[in-house]
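Here the structure is laid out as structure tokens; the discussion comes afterwards.
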Number of protein chains: 2
Amino acid sequence: MRAGNAAKRLLVGRPLDSGRLGETLLPKRIALPVFCSDPLSSVAYATEEILLILALGGLAVLHLAWYAAVGIVVLLLVVVASYRQTCYAYPGGGGAYVVSAENLGRRAALTAASALLIDYVMTVAVSVVSGVAAITSAAPSLDGHAVAMSVFFVVVLAWMNLRGVRESGRWFAAPTYAFIAVVYLMFAVAGIRMATGATIRAESAALPVEQVSTYSGLALVLLGLRAFASGCTALTGVEAVSNGVPAFAKPKSRNAAMTLAIMGGLSATMFFGITVLAMVYEVHVAEDPTELGLPPGTPMSTALAQIGRATFGDWHVLFYALQAVTAGVLILAANTAFNGFPMLASVLGRDRYAPRQLVHRGDRLVYSNGIVLLALAAITLIVAFDAQLTRLIQLYIIGVFVSFTLSQAGMVKHWRRELATPAGATYAGAAYAGAAYAGATPAGAAPVARHTIRRRLAINAFGACLTAVVLVIVLITKFTHGAWLVVIAMPVLYAGMKGVRRHYDAVAAEVAVAPGDRPHTLAENHVLVLVASVNATSLRALSYAKTLRPDSLTAVTVAEDPAEVEVLRATWEAHGIDVPLRVLSSPYRSIVQPVMRHVRDAPERTGDSVISVVIPEYVVGHWWEQPLHNQSALRLKTRLLFMKNVVVIDVPYRLASARELAAESTGTPSA
Amino acid sequence: MRAGNAAKRLLVGRPLDSGRLGETLLPKRIALPVFCSDPLSSVAYATEEILLILALGGLAVLHLAWYAAVGIVVLLLVVVASYRQTCYAYPGGGGAYVVSAENLGRRAALTAASALLIDYVMTVAVSVVSGVAAITSAAPSLDGHAVAMSVFFVVVLAWMNLRGVRESGRWFAAPTYAFIAVVYLMFAVAGIRMATGATIRAESAALPVEQVSTYSGLALVLLGLRAFASGCTALTGVEAVSNGVPAFAKPKSRNAAMTLAIMGGLSATMFFGITVLAMVYEVHVAEDPTELGLPPGTPMSTALAQIGRATFGDWHVLFYALQAVTAGVLILAANTAFNGFPMLASVLGRDRYAPRQLVHRGDRLVYSNGIVLLALAAITLIVAFDAQLTRLIQLYIIGVFVSFTLSQAGMVKHWRRELATPAGATYAGAAYAGAAYAGATPAGAAPVARHTIRRRLAINAFGACLTAVVLVIVLITKFTHGAWLVVIAMPVLYAGMKGVRRHYDAVAAEVAVAPGDRPHTLAENHVLVLVASVNATSLRALSYAKTLRPDSLTAVTVAEDPAEVEVLRATWEAHGIDVPLRVLSSPYRSIVQPVMRHVRDAPERTGDSVISVVIPEYVVGHWWEQPLHNQSALRLKTRLLFMKNVVVIDVPYRLASARELAAESTGTPSA
């Protein structure tokens, strides 16, 4: 424990006071990288995912990428506009769960929560894996270590987040802005070079794209829609801003909506620009190198890496810079989930849909348990899917659009209720502000004109319809390619959360008391002290037992070895101990069973009386001393817990090593 | 726990009474397979290990196998003769540890114990792995699953041994006797076929043995000695009989000595016969198939499998029978260790060189903890060495000869002391009989004539010298081939056991009390009850606290959420609870720290007074309910243990699920 505590302080820093929560509020320039690195960075792989699907239909269908890209840009702008309304309506944090819970009821909320939990895990897995792909595109020799590298980065992210949100925000700003800068620089270089007459082609432009099968009619439309669905990864993580409104500097809602708009502009232009370059450079990609006429096992660069290499040409430094910042921003994109997941888990825990220990903040103003849980789940996925991006991405989009649709539909309901109340009423969402983010007061909750509300309603209604359509498209085109796993996982999570809530409700009902019930002194307290020999531990336990002024006091020993019992009896008498010593026979050579039987059959254990079993316990200061002591006591305690009218009392005797440890730890405020 | 208990009963049977220990004594026909399956079965691989080493020197040096084989037979007979004396001298069990402890002192005993512990683990690993090799020799398609199969068999063995020694003895008799029968049948068939003019050659006879390097002079001698050292695996496990004397039916010593003699005769003839056939059939083996001119990765049969295939020819049934019984006896040979290891661990625990929980017998008259520990260690080795026999076997022989040498040297000392005392004195070793095997009276402890003692001394002295010489040979020839690991592991184990003893001695000294010390009532007992809300659990805890008639009684709550605290205060007053409620502020949003600080700074925690912290605990009946409750309580308890003058009292509140579980378990005697 001593080493553990010191290590914890070293790794995650000193505990922070609740009063300092205000200090961790984020200005826009920090909030953008913290909450938007996910949607911003997904432009690094969205184009490639479109091309990968279209490659199945051969060169002839690659032009469909234009339609998919335009569709995605429109969708992105609609969703951003839609979520900007949420930022104004829910200054206390308007995640899909909160919005659904307030407007659509418990079932919609739990559905949204299941979708969100899965998507947070997917965000971590997909972002980190594609960040590692950016690294291996620049350094193909690392190709075989993708799983190990991905797991390493997840662990690093978890560690940074355990240190707290603001510090990690600072860390994350540089790579995000660098990524944006390098991508726009790439656009500029490409534009200037092409304007001055250069013909730029990707390294894969000359490779044949072998048509896997012929697509026409409905099949062609479906292939196009599937490409569109794959490209929708560009939209993941938009919700993070609306969820994190209370973490913004004041005016919270305005700053959050502004950040969303900036993000939308950056994402849309970067995604469209990359797609344009990919089409112009004739970037050819395929899941399997053999489809491009290459030998099996040939390492392949990502589409963005090919574009960068072609654009920057001999300026290798810029190409490596692009790969470095791409890897950086992708790995940090996972941070969006590390911000969102523990916050959602905490809200779920508060509503008793998740274990209570997810509710409490840890030392560093963050939800440590949730962070650890998220990292473990993401690592499991990465290992199970062997760090293969294209397989992971199939699981990604369904949850995103489930929560988009529910969230927008909830907002429609919200605005309609606003319209039904007299103008100037405060926001319904404000109630959540205090609960979800203690210490943060709802800002920006000023009355709004009715025509503004009508405009907002219209935006959200359009957003809800559009995302619902996309959800259906995603479900149809991706179900057989792996998305069925999510379709199974969501109801499982849903049922799990319902089960936890049912358990807590049942327990609360079970322990409820009638008004006026009050504690009373029990009829009798009979105390048994377990002893093995006469030493400081047993004398201490006997002394404590006497202090309880019990109705009866008996020392109990188990006769494992008749010789030892005789020694004990003799010592007992020599010391003149005035407590009767009872020897229990042990035909099965166990210590636990005779004591259990003795307690079970004790006539005193009736009605309103209780038997207190006092167990002397050795407290040691080193972990390796632990297995040398108290093993039988531990097993006995576990069993006695289940017995009616029995209470177990550990009387600790701290050995020298434990006293040293205690002396050290009482010196610090965390003792 | 409900399911766990039922499953335990189903798997390991009902608990046995101490009085039934006599029933588990073994007649010779059962004792032979139980204690001798290790030395008997090692003839299945000893010959091959000799040939593998000599193959390094090419065809020209293969004839050295004759010398090695003769040397091993002589050594085996000497060691058997030597251990027969131990059976007479130590009817209570004369393992190397006991003999060394009594005659050579603590250091020799711990050295022997380290060697034995390692060898028991090696016996399990080597026997099971070579048993699996016998299976893959008959069914080469299983070649890739050696690790999984080996681990499976270790688990099965552990399970059988947890059921108890006699039942497992019965299981083990059939394969051992079948193995002996099939091997002798093979000798008979080979003899008759060759006598009638057949020329039998192994499948590998025509393969070239590529000389790895040229050996001559001292190098040749060393190669021969290394082959001899490898063949000494045939001797492993001889000690088991002398260790297990008290498990024999009466007259224990005579029966044990007789069993040893039978084993020696069988082992020597089988080993020599197999070696003769291997030489006549020109069996060629190598660690790597390329040394025999085969393509890499070719599955190779064991030497014994080749001999069997050549001898039985078209009688495939007999060949498969040979492989089946070989696999059976090898896997069961590991059972020798499952008998010996827990017994030794128990004796070490009794002498306080091992954790106390290894001392106590489990439910089925066996040492469950030791069995589980042994299985885990063997599985670790098998996995670490990838189930490769030749790599494992390098670690095997050193420990065997360390314990042989110490044991024989101890016996020399023992007989010299016997000669020094008047004729007719009882055996010193008898003292251990009661301790090591409660309920078994030392049998065969009759006075012996002095010339008999002199003969025994001579036999043991010769045995000690011979095994010491072999130990040196083994050390020299195998050190660089992996045996250095054992040379490191032995001192580590030695130091570990010394450390455990030192810890127990220090603790005993620390808790020792002056004569006449007796328990007294402490000055004051101040009770704090932790509450979160007014419900049945907190009322129960308060009631219990009142029953302790404390000097002060306070309810304590942590102010995590101000709103909740207000609700609690109101309910508290509404119920009219006459215990003062103290609200602790929680600036770091932790439940544990405010309580720790409050208790630490309490002025009552001084001198001879004590603070009792009462924690209401939810007791649940299902394992999956566990993480939903008591998490903060658990962390708090762990921390409070280290605080001076503090006692923690859990007042359990059993929820409905726990009451169901308790109702079921109180019906059975194990409740």
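Chain identifiers are assigned as A, B, and so on, following the order in which chains appear in the structure tokens; residues are numbered from 1 within each chain, and ligands are numbered from 1 in order of appearance.
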request  = Considering only C-alpha atoms, return as a PyMOL selection string whatever protein or nucleic-acid residues lie within 8 Å of Ala44 (chain B), sequence-local ones (same chain, fewer than 6 positions apart) excluded.
outcome  = chain B and resi 271+304+326
Just write the chosen residues, C-alpha atoms, as a PDB file, in the first residue's frame.
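Full text of selection23.pdb as output:
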ATOM      1  CA  PHE B 271      15.699 -50.317 -18.975  1.00  0.00           C
ATOM      2  CA  LEU B 304      10.473 -46.818 -27.575  1.00  0.00           C
ATOM      3  CA  THR B 326       3.338 -45.975 -22.069  1.00  0.00           C
TER       4      THR B 326
END
task = Return as an MDAnalysis selection string the full set of residues in region 223-396 of chain B whose backbone-based DSSP assignment is helix (DSSP H, G or I).
result = chainID B and resid 223:235 239:243 245:247 252:280 289:292 303:312 316:350 356:358 368:384 389:393
inquiry  = Show me, as a ChimeraX atom specification, the residues that have an atom within 8 Å of Ser585 (chain A) when counting only C-alpha atoms, minus same-chain residues fewer than 5 positions from it.
reply    = /A:558-560,594
Keeping C-alpha atoms, export the residues of the selection given above as a short mmCIF file (atom, residue, chain, number, x, y, z; two decimals), in the first residue's frame.
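The result, stored in out25.cif:
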data_model
loop_
_atom_site.label_atom_id
_atom_site.label_comp_id
_atom_site.auth_asym_id
_atom_site.auth_seq_id
_atom_site.Cartn_x
_atom_site.Cartn_y
_atom_site.Cartn_z
CA VAL A 558 -10.10 -25.80 17.55
CA ALA A 559 -8.44 -29.08 18.57
CA GLU A 560 -6.26 -29.74 15.54
CA PRO A 594 -15.99 -26.68 13.82
#
task = Measure the distance from CA of Ile135 (chain B) to CA of Trp159 (chain B) in Å and round it to one decimal.
result =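 Rounded to one decimal, the two atoms are 21.3 Å apart.
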Near region 184-196 of chain B, counting only C-alpha atoms, which residues have an atom at most 9 Å away, once you skip same-chain residues fewer than 6 positions from it, shown as an mmCIF file with C-alpha atoms, in the first residue's frame?
data_model
loop_
_atom_site.group_PDB
_atom_site.id
_atom_site.type_symbol
_atom_site.label_atom_id
_atom_site.label_comp_id
_atom_site.auth_asym_id
_atom_site.auth_seq_id
_atom_site.Cartn_x
_atom_site.Cartn_y
_atom_site.Cartn_z
ATOM 1 C CA MET B 270 13.132 -53.086 -18.520
ATOM 2 C CA GLY B 273 16.144 -54.665 -22.287
ATOM 3 C CA ILE B 274 14.978 -51.547 -24.085
ATOM 4 C CA LEU B 277 16.776 -53.666 -28.445
ATOM 5 C CA ILE B 307 11.287 -50.395 -31.049
ATOM 6 C CA GLY B 308 7.636 -51.316 -30.557
ATOM 7 C CA ALA B 310 9.743 -52.820 -35.342
ATOM 8 C CA THR B 311 9.105 -55.647 -32.878
ATOM 9 C CA PHE B 312 5.360 -56.023 -33.319
ATOM 10 C CA LEU B 318 0.118 -54.426 -29.901
ATOM 11 C CA LEU B 322 2.345 -50.229 -26.103
#
inquiry  = Using DSSP assignments from the backbone, pull out every residue in region 493-598 of chain A that falls under strand (DSSP E) and give it to me as a PyMOL selection string.
reply    = chain A and resi 525-530+552-559+581-585
task = Grab the CA of Asp119 (chain A) to CA of Ser368 (chain A) distance for me, in Å with one decimal place.
result =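 Computing it gives 19.1 Å between the two atoms.
Relative to CA of Val610 (chain B), CA of Val527 (chain A) is found at 17.7 Å.
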inquiry  = Residues near Ile371 (chain A), anyone? I mean within 7 Å using only C-alpha atoms, not counting same-chain ones fewer than 5 positions away, as JSON, numbers by chain.
reply    = {"A": [158, 338, 342]}
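Once Val474 (chain B) and its same-chain neighbours fewer than 6 positions away are set aside, Leu225, Arg226, Phe228, Ala229, Ser230, Cys232, Ile397, Ile398, Phe401 and Ala483 of chain B remain within 9 Å of it when counting only C-alpha atoms.
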Only N, CA and C atoms, please: the residues just picked out, written as a PDB file, in the first residue's frame.
ATOM      1  N   LEU B 225      30.007 -39.368 -20.498  1.00  0.00           N
ATOM      2  CA  LEU B 225      29.487 -39.059 -19.166  1.00  0.00           C
ATOM      3  C   LEU B 225      28.181 -38.277 -19.264  1.00  0.00           C
ATOM      4  N   ARG B 226      28.095 -37.396 -20.287  1.00  0.00           N
ATOM      5  CA  ARG B 226      26.869 -36.626 -20.454  1.00  0.00           C
ATOM      6  C   ARG B 226      25.713 -37.551 -20.840  1.00  0.00           C
ATOM      7  N   PHE B 228      25.538 -40.689 -19.989  1.00  0.00           N
ATOM      8  CA  PHE B 228      25.248 -41.396 -18.743  1.00  0.00           C
ATOM      9  C   PHE B 228      24.366 -40.523 -17.840  1.00  0.00           C
ATOM     10  N   ALA B 229      24.745 -39.235 -17.707  1.00  0.00           N
ATOM     11  CA  ALA B 229      23.981 -38.325 -16.852  1.00  0.00           C
ATOM     12  C   ALA B 229      22.543 -38.210 -17.344  1.00  0.00           C
ATOM     13  N   SER B 230      22.348 -38.144 -18.662  1.00  0.00           N
ATOM     14  CA  SER B 230      20.993 -38.028 -19.195  1.00  0.00           C
ATOM     15  C   SER B 230      20.189 -39.286 -18.899  1.00  0.00           C
ATOM     16  N   CYS B 232      20.428 -41.096 -16.390  1.00  0.00           N
ATOM     17  CA  CYS B 232      20.140 -41.198 -14.961  1.00  0.00           C
ATOM     18  C   CYS B 232      18.710 -40.791 -14.635  1.00  0.00           C
ATOM     19  N   ILE B 397      17.888 -33.750 -13.291  1.00  0.00           N
ATOM     20  CA  ILE B 397      18.665 -34.729 -12.536  1.00  0.00           C
ATOM     21  C   ILE B 397      19.411 -34.144 -11.344  1.00  0.00           C
ATOM     22  N   ILE B 398      19.780 -32.866 -11.415  1.00  0.00           N
ATOM     23  CA  ILE B 398      20.607 -32.298 -10.341  1.00  0.00           C
ATOM     24  C   ILE B 398      19.932 -32.441  -8.982  1.00  0.00           C
ATOM     25  N   PHE B 401      19.959 -35.975  -7.503  1.00  0.00           N
ATOM     26  CA  PHE B 401      21.182 -36.482  -6.907  1.00  0.00           C
ATOM     27  C   PHE B 401      21.619 -35.678  -5.688  1.00  0.00           C
ATOM     28  N   ALA B 483      20.947 -26.711 -16.803  1.00  0.00           N
ATOM     29  CA  ALA B 483      20.923 -27.050 -15.391  1.00  0.00           C
ATOM     30  C   ALA B 483      21.264 -25.854 -14.503  1.00  0.00           C
TER      31      ALA B 483
END
task = Measuring atom to atom with only C-alpha atoms, identify which of A:Lys413, A:Arg569, A:Arg356, A:Arg605 is nearest to chain B.
result = A:Arg356
Residues within 7 Å of region 499-515 of chain B, please, as a PDB file with C-alpha atoms, in the first residue's frame. Count only C-alpha atoms; anything in the same chain fewer than 5 positions from it doesn't count.
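Saved result, around.pdb, follows:
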ATOM      1  CA  ASN A 535      -0.033 -14.238  22.982  1.00  0.00           C
ATOM      2  CA  ALA A 536      -0.406 -10.495  22.502  1.00  0.00           C
ATOM      3  CA  THR A 537      -2.961 -10.912  19.694  1.00  0.00           C
ATOM      4  CA  HIS A 575      -1.869 -16.847  33.055  1.00  0.00           C
TER       5      HIS A 575
ATOM      6  CA  ARG B 352       7.461 -23.132   9.847  1.00  0.00           C
ATOM      7  CA  TYR B 353       9.562 -23.052   6.661  1.00  0.00           C
ATOM      8  CA  ALA B 354       6.423 -22.790   4.510  1.00  0.00           C
TER       9      ALA B 354
END
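Using only C-alpha atoms, the smallest distance between any of B:Leu628, B:Pro550, B:Leu475, B:His622 and Met497 (chain A) comes from B:Leu628.
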